[in-house]
Structure formats: structure tokens, C-alpha cells
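As provided, final_7.pdb (PDB, C-alpha atoms) reads as follows.
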```
ATOM      1  CA  MET J   1      76.584 117.730   9.750  1.00  0.00           C
ATOM      2  CA  TRP J   2      77.115 120.713  12.053  1.00  0.00           C
ATOM      3  CA  ARG J   3      77.366 123.198   9.179  1.00  0.00           C
ATOM      4  CA  GLY J   4      73.608 123.021   8.663  1.00  0.00           C
ATOM      5  CA  LEU J   5      73.004 124.131  12.229  1.00  0.00           C
ATOM      6  CA  ARG J   6      74.245 127.627  11.361  1.00  0.00           C
ATOM      7  CA  GLU J   7      71.025 128.180   9.453  1.00  0.00           C
ATOM      8  CA  PRO J   8      68.504 129.729  11.867  1.00  0.00           C
ATOM      9  CA  VAL J   9      65.617 127.580  10.627  1.00  0.00           C
ATOM     10  CA  VAL J  10      67.609 124.384  11.017  1.00  0.00           C
ATOM     11  CA  LEU J  11      68.830 125.443  14.430  1.00  0.00           C
ATOM     12  CA  LEU J  12      65.297 126.310  15.586  1.00  0.00           C
ATOM     13  CA  THR J  13      63.958 123.010  14.218  1.00  0.00           C
ATOM     14  CA  ALA J  14      66.718 121.073  15.971  1.00  0.00           C
ATOM     15  CA  MET J  15      65.965 122.866  19.236  1.00  0.00           C
ATOM     16  CA  ALA J  16      62.244 122.233  18.843  1.00  0.00           C
ATOM     17  CA  VAL J  17      62.873 118.529  18.166  1.00  0.00           C
ATOM     18  CA  LEU J  18      65.178 118.265  21.175  1.00  0.00           C
ATOM     19  CA  GLY J  19      62.640 120.083  23.347  1.00  0.00           C
ATOM     20  CA  TYR J  20      59.858 117.837  22.105  1.00  0.00           C
ATOM     21  CA  GLY J  21      62.048 114.793  22.743  1.00  0.00           C
ATOM     22  CA  TRP J  22      62.743 115.950  26.284  1.00  0.00           C
ATOM     23  CA  TRP J  23      59.037 116.431  26.955  1.00  0.00           C
ATOM     24  CA  ALA J  24      58.178 113.073  25.335  1.00  0.00           C
ATOM     25  CA  SER J  25      60.815 111.250  27.370  1.00  0.00           C
ATOM     26  CA  GLY J  26      59.219 112.554  30.556  1.00  0.00           C
ATOM     27  CA  VAL J  27      55.730 111.165  29.975  1.00  0.00           C
ATOM     28  CA  ARG J  28      54.785 107.755  31.276  1.00  0.00           C
ATOM     29  CA  PRO J  29      53.971 104.999  28.792  1.00  0.00           C
ATOM     30  CA  PHE J  30      50.354 103.757  28.715  1.00  0.00           C
ATOM     31  CA  THR J  31      48.997 107.280  29.183  1.00  0.00           C
ATOM     32  CA  TRP J  32      47.224 109.750  26.918  1.00  0.00           C
ATOM     33  CA  ARG J  33      50.311 111.938  26.865  1.00  0.00           C
ATOM     34  CA  ALA J  34      52.445 109.031  25.654  1.00  0.00           C
ATOM     35  CA  GLN J  35      50.016 108.417  22.790  1.00  0.00           C
ATOM     36  CA  ILE J  36      50.261 112.093  21.836  1.00  0.00           C
ATOM     37  CA  ALA J  37      54.060 112.115  22.195  1.00  0.00           C
ATOM     38  CA  VAL J  38      54.391 109.238  19.718  1.00  0.00           C
ATOM     39  CA  GLY J  39      51.288 110.134  17.713  1.00  0.00           C
ATOM     40  CA  VAL J  40      52.474 113.563  16.555  1.00  0.00           C
ATOM     41  CA  PRO J  41      55.683 112.355  14.854  1.00  0.00           C
ATOM     42  CA  SER J  42      53.788 109.312  13.554  1.00  0.00           C
ATOM     43  CA  LEU J  43      51.147 111.482  11.894  1.00  0.00           C
ATOM     44  CA  ILE J  44      53.835 113.756  10.440  1.00  0.00           C
ATOM     45  CA  ALA J  45      55.684 110.704   9.059  1.00  0.00           C
ATOM     46  CA  ILE J  46      52.486 109.259   7.554  1.00  0.00           C
ATOM     47  CA  ALA J  47      51.667 112.626   5.961  1.00  0.00           C
ATOM     48  CA  VAL J  48      55.200 112.957   4.561  1.00  0.00           C
ATOM     49  CA  VAL J  49      55.147 109.424   3.121  1.00  0.00           C
ATOM     50  CA  VAL J  50      51.664 109.850   1.615  1.00  0.00           C
ATOM     51  CA  ARG J  51      52.796 113.128   0.017  1.00  0.00           C
ATOM     52  CA  HIS J  52      55.923 111.432  -1.283  1.00  0.00           C
ATOM     53  CA  GLU J  53      53.919 108.564  -2.758  1.00  0.00           C
ATOM     54  CA  ARG J  54      51.535 110.947  -4.517  1.00  0.00           C
ATOM     55  CA  ARG J  55      54.428 112.871  -6.003  1.00  0.00           C
ATOM     56  CA  SER J  56      56.320 109.757  -7.012  1.00  0.00           C
ATOM     57  CA  SER J  57      53.248 108.249  -8.663  1.00  0.00           C
ATOM     58  CA  ARG J  58      52.990 111.448 -10.728  1.00  0.00           C
ATOM     59  CA  LEU J  59      56.664 111.218 -11.619  1.00  0.00           C
ATOM     60  CA  GLU J  60      56.324 107.517 -12.287  1.00  0.00           C
ATOM     61  CA  SER J  61      54.156 108.097 -15.333  1.00  0.00           C
ATOM     62  CA  THR J  62      57.009 109.951 -17.031  1.00  0.00           C
ATOM     63  CA  THR J  63      59.980 107.967 -15.751  1.00  0.00           C
ATOM     64  CA  LYS J  64      58.278 104.579 -15.385  1.00  0.00           C
ATOM     65  CA  LEU J  65      60.576 102.661 -17.681  1.00  0.00           C
ATOM     66  CA  LEU J  66      63.824 104.055 -16.268  1.00  0.00           C
ATOM     67  CA  LYS J  67      62.670 103.445 -12.742  1.00  0.00           C
ATOM     68  CA  ARG J  68      61.626  99.870 -13.399  1.00  0.00           C
ATOM     69  CA  ARG J  69      64.952  99.142 -15.069  1.00  0.00           C
ATOM     70  CA  SER J  70      66.996 100.535 -12.195  1.00  0.00           C
ATOM     71  CA  ARG J  71      64.818  98.734  -9.657  1.00  0.00           C
ATOM     72  CA  VAL J  72      65.254  95.385 -11.357  1.00  0.00           C
ATOM     73  CA  ALA J  73      68.992  95.965 -11.747  1.00  0.00           C
ATOM     74  CA  GLY J  74      69.285  96.907  -8.064  1.00  0.00           C
ATOM     75  CA  GLN J  75      67.410  93.836  -6.903  1.00  0.00           C
ATOM     76  CA  GLU J  76      69.386  91.469  -9.101  1.00  0.00           C
ATOM     77  CA  GLY J  77      72.636  92.929  -7.844  1.00  0.00           C
ATOM     78  CA  LEU J  78      71.574  92.716  -4.274  1.00  0.00           C
ATOM     79  CA  LEU J  79      70.361  89.136  -4.489  1.00  0.00           C
ATOM     80  CA  GLY J  80      73.795  88.123  -5.614  1.00  0.00           C
ATOM     81  CA  ARG J  81      75.478  89.962  -2.769  1.00  0.00           C
ATOM     82  CA  GLY J  82      74.698  87.867   0.255  1.00  0.00           C
ATOM     83  CA  VAL J  83      71.290  89.101   1.353  1.00  0.00           C
ATOM     84  CA  ALA J  84      70.783  85.584   2.692  1.00  0.00           C
ATOM     85  CA  VAL J  85      73.028  86.355   5.657  1.00  0.00           C
ATOM     86  CA  TRP J  86      70.912  89.357   6.621  1.00  0.00           C
ATOM     87  CA  VAL J  87      67.730  87.349   6.188  1.00  0.00           C
ATOM     88  CA  GLY J  88      69.203  84.624   8.397  1.00  0.00           C
ATOM     89  CA  LEU J  89      70.221  87.088  11.101  1.00  0.00           C
ATOM     90  CA  LEU J  90      66.836  88.811  11.063  1.00  0.00           C
ATOM     91  CA  ALA J  91      65.138  85.409  11.183  1.00  0.00           C
ATOM     92  CA  ALA J  92      67.270  84.459  14.202  1.00  0.00           C
ATOM     93  CA  PHE J  93      66.291  87.752  15.835  1.00  0.00           C
ATOM     94  CA  THR J  94      62.598  87.045  15.216  1.00  0.00           C
ATOM     95  CA  VAL J  95      62.812  83.436  16.408  1.00  0.00           C
ATOM     96  CA  TRP J  96      64.564  84.469  19.635  1.00  0.00           C
ATOM     97  CA  GLU J  97      61.946  87.167  20.223  1.00  0.00           C
ATOM     98  CA  VAL J  98      59.161  84.601  19.716  1.00  0.00           C
ATOM     99  CA  VAL J  99      60.930  82.193  22.112  1.00  0.00           C
ATOM    100  CA  GLY J 100      61.005  84.999  24.704  1.00  0.00           C
ATOM    101  CA  LEU J 101      57.314  85.693  24.146  1.00  0.00           C
ATOM    102  CA  LEU J 102      56.449  81.990  24.439  1.00  0.00           C
ATOM    103  CA  ALA J 103      58.348  81.922  27.721  1.00  0.00           C
ATOM    104  CA  GLY J 104      55.715  84.323  28.970  1.00  0.00           C
ATOM    105  CA  GLY J 105      57.463  87.645  28.374  1.00  0.00           C
ATOM    106  CA  SER J 106      59.432  89.536  31.042  1.00  0.00           C
ATOM    107  CA  SER J 107      61.161  86.237  31.796  1.00  0.00           C
ATOM    108  CA  ARG J 108      64.554  86.465  33.472  1.00  0.00           C
ATOM    109  CA  THR J 109      65.964  83.436  31.688  1.00  0.00           C
ATOM    110  CA  LEU J 110      64.487  84.198  28.272  1.00  0.00           C
ATOM    111  CA  PRO J 111      63.779  87.911  28.031  1.00  0.00           C
ATOM    112  CA  THR J 112      62.452  89.430  24.837  1.00  0.00           C
ATOM    113  CA  PHE J 113      64.404  92.224  23.138  1.00  0.00           C
ATOM    114  CA  SER J 114      61.808  94.680  24.449  1.00  0.00           C
ATOM    115  CA  ASP J 115      62.373  93.430  28.011  1.00  0.00           C
ATOM    116  CA  LEU J 116      66.087  94.119  27.709  1.00  0.00           C
ATOM    117  CA  VAL J 117      65.517  97.580  26.251  1.00  0.00           C
ATOM    118  CA  ASP J 118      62.941  98.318  28.973  1.00  0.00           C
ATOM    119  CA  ASN J 119      65.159  97.123  31.791  1.00  0.00           C
ATOM    120  CA  TYR J 120      68.478  98.545  30.686  1.00  0.00           C
ATOM    121  CA  LEU J 121      67.857 101.377  28.225  1.00  0.00           C
ATOM    122  CA  LEU J 122      64.568 103.004  29.178  1.00  0.00           C
ATOM    123  CA  ARG J 123      64.907 103.375  32.925  1.00  0.00           C
ATOM    124  CA  LEU J 124      66.245 106.908  33.161  1.00  0.00           C
ATOM    125  CA  ARG J 125      64.720 109.923  31.494  1.00  0.00           C
ATOM    126  CA  LEU J 126      68.015 110.732  29.791  1.00  0.00           C
ATOM    127  CA  GLU J 127      68.110 107.242  28.264  1.00  0.00           C
ATOM    128  CA  ARG J 128      64.523 107.580  27.070  1.00  0.00           C
ATOM    129  CA  PHE J 129      65.370 111.003  25.627  1.00  0.00           C
ATOM    130  CA  VAL J 130      68.361 109.624  23.689  1.00  0.00           C
ATOM    131  CA  LEU J 131      66.333 106.682  22.358  1.00  0.00           C
ATOM    132  CA  PHE J 132      63.382 108.904  21.429  1.00  0.00           C
ATOM    133  CA  ILE J 133      65.669 111.245  19.477  1.00  0.00           C
ATOM    134  CA  LEU J 134      67.282 108.187  17.873  1.00  0.00           C
ATOM    135  CA  TRP J 135      63.836 106.962  16.841  1.00  0.00           C
ATOM    136  CA  LEU J 136      63.038 110.329  15.243  1.00  0.00           C
ATOM    137  CA  TRP J 137      66.432 110.365  13.539  1.00  0.00           C
ATOM    138  CA  LEU J 138      65.849 106.834  12.265  1.00  0.00           C
ATOM    139  CA  GLY J 139      62.564 107.960  10.720  1.00  0.00           C
ATOM    140  CA  LYS J 140      64.290 110.844   8.973  1.00  0.00           C
ATOM    141  CA  SER J 141      67.080 108.554   7.770  1.00  0.00           C
ATOM    142  CA  LEU J 142      64.615 105.995   6.426  1.00  0.00           C
ATOM    143  CA  PHE J 143      62.790 108.719   4.527  1.00  0.00           C
ATOM    144  CA  SER J 144      66.070 109.893   3.004  1.00  0.00           C
ATOM    145  CA  LEU J 145      66.450 106.386   1.514  1.00  0.00           C
ATOM    146  CA  PHE J 146      63.304 106.828  -0.574  1.00  0.00           C
ATOM    147  CA  PRO J 147      64.244 106.867  -4.293  1.00  0.00           C
ATOM    148  CA  ASN J 148      62.906 110.246  -5.473  1.00  0.00           C
ATOM    149  CA  ARG J 149      64.156 111.822  -2.302  1.00  0.00           C
ATOM    150  CA  GLN J 150      67.676 110.512  -3.039  1.00  0.00           C
ATOM    151  CA  ARG J 151      67.527 111.965  -6.530  1.00  0.00           C
ATOM    152  CA  ARG J 152      66.488 115.360  -5.162  1.00  0.00           C
ATOM    153  CA  ASP J 153      69.310 115.289  -2.604  1.00  0.00           C
ATOM    154  CA  VAL J 154      71.845 114.651  -5.348  1.00  0.00           C
ATOM    155  CA  GLU J 155      70.503 117.529  -7.407  1.00  0.00           C
TER     156      GLU J 155
ATOM    157  CA  MET V   1      70.922  84.062  31.401  1.00  0.00           C
ATOM    158  CA  ILE V   2      70.617  81.909  28.270  1.00  0.00           C
ATOM    159  CA  GLY V   3      68.335  84.543  26.783  1.00  0.00           C
ATOM    160  CA  ILE V   4      70.896  87.304  27.258  1.00  0.00           C
ATOM    161  CA  VAL V   5      73.615  85.108  25.753  1.00  0.00           C
ATOM    162  CA  GLY V   6      71.357  84.493  22.751  1.00  0.00           C
ATOM    163  CA  TRP V   7      70.711  88.199  22.278  1.00  0.00           C
ATOM    164  CA  THR V   8      74.413  88.995  22.618  1.00  0.00           C
ATOM    165  CA  VAL V   9      75.253  86.425  19.926  1.00  0.00           C
ATOM    166  CA  ILE V  10      72.547  87.616  17.521  1.00  0.00           C
ATOM    167  CA  VAL V  11      73.184  91.348  17.945  1.00  0.00           C
ATOM    168  CA  GLY V  12      76.949  90.755  17.941  1.00  0.00           C
ATOM    169  CA  ALA V  13      76.657  88.782  14.699  1.00  0.00           C
ATOM    170  CA  MET V  14      74.631  91.612  13.143  1.00  0.00           C
ATOM    171  CA  ILE V  15      77.187  94.219  14.156  1.00  0.00           C
ATOM    172  CA  GLY V  16      80.031  91.975  12.975  1.00  0.00           C
ATOM    173  CA  TRP V  17      78.375  91.296   9.618  1.00  0.00           C
ATOM    174  CA  GLU V  18      77.645  95.005   9.149  1.00  0.00           C
ATOM    175  CA  ALA V  19      81.294  95.822   9.885  1.00  0.00           C
ATOM    176  CA  LYS V  20      82.452  93.147   7.456  1.00  0.00           C
ATOM    177  CA  CYS V  21      80.117  94.381   4.715  1.00  0.00           C
ATOM    178  CA  SER V  22      81.206  97.997   5.234  1.00  0.00           C
ATOM    179  CA  ALA V  23      84.892  97.126   5.204  1.00  0.00           C
ATOM    180  CA  SER V  24      84.947  94.684   2.302  1.00  0.00           C
ATOM    181  CA  ARG V  25      85.004  95.767  -1.312  1.00  0.00           C
ATOM    182  CA  GLU V  26      83.047  92.680  -2.303  1.00  0.00           C
ATOM    183  CA  GLU V  27      79.417  92.895  -3.246  1.00  0.00           C
ATOM    184  CA  LYS V  28      77.917  92.398   0.198  1.00  0.00           C
ATOM    185  CA  PRO V  29      75.098  94.739   1.149  1.00  0.00           C
ATOM    186  CA  THR V  30      75.255  96.712   4.369  1.00  0.00           C
ATOM    187  CA  PHE V  31      72.063  97.025   6.391  1.00  0.00           C
ATOM    188  CA  GLU V  32      71.543 100.488   4.912  1.00  0.00           C
ATOM    189  CA  GLU V  33      71.777  99.105   1.372  1.00  0.00           C
ATOM    190  CA  LEU V  34      69.295  96.433   2.312  1.00  0.00           C
ATOM    191  CA  LEU V  35      66.855  99.075   3.527  1.00  0.00           C
ATOM    192  CA  LYS V  36      67.549 101.144   0.410  1.00  0.00           C
ATOM    193  CA  SER V  37      66.579  98.219  -1.805  1.00  0.00           C
ATOM    194  CA  LEU V  38      63.406  97.812   0.263  1.00  0.00           C
ATOM    195  CA  ALA V  39      62.635 101.499  -0.265  1.00  0.00           C
ATOM    196  CA  ASN V  40      62.734 100.976  -4.028  1.00  0.00           C
ATOM    197  CA  SER V  41      59.234  99.559  -4.048  1.00  0.00           C
ATOM    198  CA  ARG V  42      56.074 101.110  -2.663  1.00  0.00           C
ATOM    199  CA  ARG V  43      55.354  97.967  -0.667  1.00  0.00           C
ATOM    200  CA  GLY V  44      58.827  98.181   0.842  1.00  0.00           C
ATOM    201  CA  ARG V  45      58.345 101.826   1.772  1.00  0.00           C
ATOM    202  CA  VAL V  46      55.054 101.029   3.480  1.00  0.00           C
ATOM    203  CA  PHE V  47      56.786  98.178   5.315  1.00  0.00           C
ATOM    204  CA  LEU V  48      59.561 100.535   6.491  1.00  0.00           C
ATOM    205  CA  LEU V  49      57.013 103.102   7.664  1.00  0.00           C
ATOM    206  CA  ILE V  50      55.022 100.474   9.577  1.00  0.00           C
ATOM    207  CA  GLY V  51      58.219  99.111  11.112  1.00  0.00           C
ATOM    208  CA  TRP V  52      59.270 102.559  12.251  1.00  0.00           C
ATOM    209  CA  LEU V  53      55.817 103.296  13.668  1.00  0.00           C
ATOM    210  CA  PHE V  54      55.809  99.945  15.469  1.00  0.00           C
ATOM    211  CA  VAL V  55      59.158 100.658  17.147  1.00  0.00           C
ATOM    212  CA  GLY V  56      57.953 104.056  18.352  1.00  0.00           C
ATOM    213  CA  TRP V  57      54.591 102.892  19.630  1.00  0.00           C
ATOM    214  CA  HIS V  58      56.075  99.770  21.156  1.00  0.00           C
ATOM    215  CA  PHE V  59      58.803 101.442  23.164  1.00  0.00           C
ATOM    216  CA  PHE V  60      57.292 104.842  23.940  1.00  0.00           C
ATOM    217  CA  GLY V  61      53.515 104.623  23.583  1.00  0.00           C
ATOM    218  CA  ARG V  62      52.866 100.886  24.126  1.00  0.00           C
ATOM    219  CA  TYR V  63      50.013 101.075  21.610  1.00  0.00           C
ATOM    220  CA  THR V  64      47.476 100.682  24.382  1.00  0.00           C
ATOM    221  CA  LEU V  65      44.034 102.072  23.757  1.00  0.00           C
ATOM    222  CA  PRO V  66      43.980 105.366  25.648  1.00  0.00           C
ATOM    223  CA  VAL V  67      40.403 104.858  26.807  1.00  0.00           C
ATOM    224  CA  PHE V  68      41.345 101.667  28.655  1.00  0.00           C
ATOM    225  CA  ASP V  69      44.261 103.384  30.367  1.00  0.00           C
ATOM    226  CA  HIS V  70      42.022 106.179  31.429  1.00  0.00           C
ATOM    227  CA  LEU V  71      39.483 103.760  32.852  1.00  0.00           C
ATOM    228  CA  ARG V  72      42.151 101.626  34.479  1.00  0.00           C
ATOM    229  CA  GLY V  73      43.771 104.693  36.007  1.00  0.00           C
ATOM    230  CA  ALA V  74      40.498 105.800  37.530  1.00  0.00           C
ATOM    231  CA  GLY V  75      39.691 102.298  38.732  1.00  0.00           C
ATOM    232  CA  LEU V  76      36.577 102.337  36.561  1.00  0.00           C
ATOM    233  CA  LEU V  77      37.538  99.307  34.509  1.00  0.00           C
ATOM    234  CA  ARG V  78      37.808  97.108  37.586  1.00  0.00           C
ATOM    235  CA  HIS V  79      34.514  98.549  38.829  1.00  0.00           C
ATOM    236  CA  ALA V  80      32.885  97.867  35.461  1.00  0.00           C
ATOM    237  CA  VAL V  81      34.152  94.273  35.390  1.00  0.00           C
ATOM    238  CA  THR V  82      33.138  93.575  38.990  1.00  0.00           C
ATOM    239  CA  HIS V  83      29.711  95.176  38.748  1.00  0.00           C
ATOM    240  CA  GLY V  84      28.926  94.251  35.156  1.00  0.00           C
ATOM    241  CA  GLY V  85      29.103  97.804  33.729  1.00  0.00           C
TER     242      GLY V  85
END
```

Render the structure in this file as C-alpha cells.
Amino acid sequence: MWRGLREPVVLLTAMAVLGYGWWASGVRPFTWRAQIAVGVPSLIAIAVVVRHERRSSRLESTTKLLKRRSRVAGQEGLLGRGVAVWVGLLAAFTVWEVVGLLAGGSSRTLPTFSDLVDNYLLRLRLERFVLFILWLWLGKSLFSLFPNRQRRDVE
Amino acid sequence: MIGIVGWTVIVGAMIGWEAKCSASREEKPTFEELLKSLANSRRGRVFLLIGWLFVGWHFFGRYTLPVFDHLRGAGLLRHAVTHGG
């Protein structure tokens, strides 16, 4: 992980991201600046995904059959491997969130997940900074899960 | 209090299940594998992107329309409501 930071471009990018994260964690939510702080990475992510989809649709015409086969095989395997537990846990998460919302939101007895994050994890700037960087990192990690991207990483 | 207990149980169960899936050699998908299988289809990728955007806007931007914030901040919205424009 740290080996990549020796590259000047990677190091500069990491510093820029950290700097951006620090600035973004200092702006107040519900303001123009907050929209920009979240909007810039959002637009970059949308552009990256759209570009990926265009490329993959071009690739799809040549590797359509292979791709479909691997996709079907992956899904079949996964269905047999206890996805139901994850679905159940995510459903429980959603139901509890809805219960919190029905209780009026910001309730002390039935807080939503967002209330808890707001009250305990987004109070200090440092906490907001860490969570903002985590959000950016999550976006990068999700993109690395995309199929063609995985293939390129292996190559 | 009951709400916090509920969240602790749900999040604890997720962490526990993830740990079990990672540790076991059986065919149980980790959360990452679940997301990977979602990313296999275009619909799944769009879903992941929307989910990620939602988390960001929800926690950091609050997806409020900027114009309303601006008006509210300047007290213009209240003025507009009270005086009919």
C-alpha cells in the first residue's frame, strides 16, 4: 500500500485528496460550499463510471459470450453461498432505519443510523475529515470491483 | 435506548457474519464478494454508484437545494412566506 506513495504523482494525488478532504470537512452542511465539496467527487465518479460503461459496452461486443457465462456462473455460485443472511441483515438495517424515521427522526429512544453518525461521528472536524476520506476511499474501492477494471488490474 | 441496542445488534451481527465468512473456507460470501457480484451487471454498478452518492450527499451535503439554503440563510424565505413573495 505504502510502496505506491513513493511515486511523485501518487504522492501528490494523495496530498491533494487529503487537502481537499480537510477543506471539505470544514464546511458546514446545508451550504453552497458543502454542495461543492460533495459535488466535485460525485461528478468525477459519475464521469469515471460513464467512461467505464462506454468502454465496457465496446468490449462487450467482442467478449459478450464469455462475460455472460462468467456472470451466470458467479451468480449461481453466490446464490448457493448464503446470500440470504446478508439480505436478512440488510433488511433488518432498513427496517430499523424506517422505524427510526417513523418515530419522527432525531428521536432519543429510536434514533436513525444517520442520527447516531451525526451525534457521535460527525461532531469534530477531525471525525468529519476521517469519514470524508473514508467515503472517497469507498468510492475508489467500489470502482475497483467493476469487472473490466479487475481484469486490467490483474494484467 | 432501545434504538441504540437495536443498532448495536444489527451492526454487531453484520460484523460477526463478515468475520465468519472471511474466516471460513465454506462458500459464504463476504460483503465485498456480495458487492463484486452486484458490480457484474450494469444495473448493479448503477445501484452501487447511486448508493455511494447517497451516502456522501446524505452525510456531508444533506442534498438540500442550495437556493433554499441561501434564501433561508438570508431570512428571505421566511420573508417570502410571510409576505406572499

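Distance criterion 6 Å to chain V, applied with only C-alpha atoms, yields Pro29, Phe30, Trp32, Ala34, Gln35, Arg81, Gly82, Thr109, Leu110, Pro111, Leu145 and Phe146 of chain J on chain J.
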
Exercise for review: Between CA of Ala37 in chain J and CA of Ser25 in chain J, measure the distance and give it in Å to one decimal.
Suggested key: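 Computing the Euclidean distance for CA of Ala37 in chain J and CA of Ser25 in chain J yields 8.6 Å.
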
Padded axis-aligned box of range 31-40 of chain J (4 Å per side), centre and edge lengths, Å, one decimal, as JSON:
```
{"center_x": 50.8, "center_y": 110.4, "center_z": 22.9, "size_x": 15.2, "size_y": 14.3, "size_z": 20.6}
```

Selection dump of the PyMOL selection byres ((chain J and resi 112-120) around 8), as a compact mmCIF listing (two decimals) with C-alpha atoms, keeping the file's coordinate frame:
```txt
# COMPACT_ATOMS: atom_id res chain seq x y z
CA TRP J 96 64.56 84.47 19.64
CA GLU J 97 61.95 87.17 20.22
CA VAL J 98 59.16 84.60 19.72
CA VAL J 99 60.93 82.19 22.11
CA GLY J 100 61.00 85.00 24.70
CA LEU J 101 57.31 85.69 24.15
CA GLY J 105 57.46 87.64 28.37
CA SER J 106 59.43 89.54 31.04
CA SER J 107 61.16 86.24 31.80
CA LEU J 110 64.49 84.20 28.27
CA PRO J 111 63.78 87.91 28.03
CA LEU J 121 67.86 101.38 28.22
CA LEU J 122 64.57 103.00 29.18
CA ARG J 123 64.91 103.38 32.92
CA GLY V 3 68.33 84.54 26.78
CA TRP V 7 70.71 88.20 22.28
CA PHE V 59 58.80 101.44 23.16
```

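We find CA of Lys20 in chain V and CA of Val85 in chain J to be spaced 11.8 Å apart.
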
Exercise for review: Provide the CA of Trp137 in chain J to CA of Ala91 in chain J distance in Å, to one decimal place.
Suggested key: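 Computed distance, CA of Trp137 in chain J to CA of Ala91 in chain J, equals 25.1 Å.
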
Practice item. Identify the residues within 12 Å of coordinate (63.7, 118.3, 24.3) (same frame as the file), considering all atoms listed in the file, and give the answer as a ChimeraX atom specification. Key: /J:12-26,37,125-126,128-130,132-133

Please save C-alpha atoms of the selected residues as a PDB file, keeping the file's coordinate frame.
```
ATOM      1  CA  LEU J  12      65.297 126.310  15.586  1.00  0.00           C
ATOM      2  CA  THR J  13      63.958 123.010  14.218  1.00  0.00           C
ATOM      3  CA  ALA J  14      66.718 121.073  15.971  1.00  0.00           C
ATOM      4  CA  MET J  15      65.965 122.866  19.236  1.00  0.00           C
ATOM      5  CA  ALA J  16      62.244 122.233  18.843  1.00  0.00           C
ATOM      6  CA  VAL J  17      62.873 118.529  18.166  1.00  0.00           C
ATOM      7  CA  LEU J  18      65.178 118.265  21.175  1.00  0.00           C
ATOM      8  CA  GLY J  19      62.640 120.083  23.347  1.00  0.00           C
ATOM      9  CA  TYR J  20      59.858 117.837  22.105  1.00  0.00           C
ATOM     10  CA  GLY J  21      62.048 114.793  22.743  1.00  0.00           C
ATOM     11  CA  TRP J  22      62.743 115.950  26.284  1.00  0.00           C
ATOM     12  CA  TRP J  23      59.037 116.431  26.955  1.00  0.00           C
ATOM     13  CA  ALA J  24      58.178 113.073  25.335  1.00  0.00           C
ATOM     14  CA  SER J  25      60.815 111.250  27.370  1.00  0.00           C
ATOM     15  CA  GLY J  26      59.219 112.554  30.556  1.00  0.00           C
ATOM     16  CA  ALA J  37      54.060 112.115  22.195  1.00  0.00           C
ATOM     17  CA  ARG J 125      64.720 109.923  31.494  1.00  0.00           C
ATOM     18  CA  LEU J 126      68.015 110.732  29.791  1.00  0.00           C
ATOM     19  CA  ARG J 128      64.523 107.580  27.070  1.00  0.00           C
ATOM     20  CA  PHE J 129      65.370 111.003  25.627  1.00  0.00           C
ATOM     21  CA  VAL J 130      68.361 109.624  23.689  1.00  0.00           C
ATOM     22  CA  PHE J 132      63.382 108.904  21.429  1.00  0.00           C
ATOM     23  CA  ILE J 133      65.669 111.245  19.477  1.00  0.00           C
TER      24      ILE J 133
END
```

Just range 7-18 of chain J, please, as a PDB file, in the first residue's frame (only N, CA and C atoms).
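What follows is the written file part-v4.pdb:
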```
ATOM      1  N   GLU J   7       5.902   7.052  -5.629  1.00  0.00           N
ATOM      2  CA  GLU J   7       5.731   7.707  -6.926  1.00  0.00           C
ATOM      3  C   GLU J   7       5.266   9.143  -6.692  1.00  0.00           C
ATOM      4  N   PRO J   8       5.945  10.118  -7.320  1.00  0.00           N
ATOM      5  CA  PRO J   8       5.571  11.519  -7.074  1.00  0.00           C
ATOM      6  C   PRO J   8       4.121  11.842  -7.399  1.00  0.00           C
ATOM      7  N   VAL J   9       3.619  11.252  -8.509  1.00  0.00           N
ATOM      8  CA  VAL J   9       2.238  11.558  -8.915  1.00  0.00           C
ATOM      9  C   VAL J   9       1.252  11.031  -7.867  1.00  0.00           C
ATOM     10  N   VAL J  10       1.525   9.819  -7.402  1.00  0.00           N
ATOM     11  CA  VAL J  10       0.635   9.219  -6.406  1.00  0.00           C
ATOM     12  C   VAL J  10       0.681  10.014  -5.111  1.00  0.00           C
ATOM     13  N   LEU J  11       1.895  10.406  -4.750  1.00  0.00           N
ATOM     14  CA  LEU J  11       2.072  11.176  -3.512  1.00  0.00           C
ATOM     15  C   LEU J  11       1.345  12.523  -3.604  1.00  0.00           C
ATOM     16  N   LEU J  12       1.507  13.186  -4.753  1.00  0.00           N
ATOM     17  CA  LEU J  12       0.832  14.488  -4.947  1.00  0.00           C
ATOM     18  C   LEU J  12      -0.680  14.319  -4.928  1.00  0.00           C
ATOM     19  N   THR J  13      -1.171  13.244  -5.594  1.00  0.00           N
ATOM     20  CA  THR J  13      -2.616  12.996  -5.613  1.00  0.00           C
ATOM     21  C   THR J  13      -3.129  12.744  -4.195  1.00  0.00           C
ATOM     22  N   ALA J  14      -2.375  11.924  -3.451  1.00  0.00           N
ATOM     23  CA  ALA J  14      -2.792  11.624  -2.074  1.00  0.00           C
ATOM     24  C   ALA J  14      -2.835  12.896  -1.241  1.00  0.00           C
ATOM     25  N   MET J  15      -1.836  13.754  -1.420  1.00  0.00           N
ATOM     26  CA  MET J  15      -1.813  15.013  -0.662  1.00  0.00           C
ATOM     27  C   MET J  15      -2.971  15.919  -1.067  1.00  0.00           C
ATOM     28  N   ALA J  16      -3.240  15.949  -2.377  1.00  0.00           N
ATOM     29  CA  ALA J  16      -4.359  16.777  -2.855  1.00  0.00           C
ATOM     30  C   ALA J  16      -5.685  16.268  -2.292  1.00  0.00           C
ATOM     31  N   VAL J  17      -5.851  14.943  -2.277  1.00  0.00           N
ATOM     32  CA  VAL J  17      -7.095  14.355  -1.748  1.00  0.00           C
ATOM     33  C   VAL J  17      -7.238  14.664  -0.262  1.00  0.00           C
ATOM     34  N   LEU J  18      -6.125  14.518   0.468  1.00  0.00           N
ATOM     35  CA  LEU J  18      -6.162  14.809   1.906  1.00  0.00           C
ATOM     36  C   LEU J  18      -6.471  16.292   2.149  1.00  0.00           C
TER      37      LEU J  18
END
```
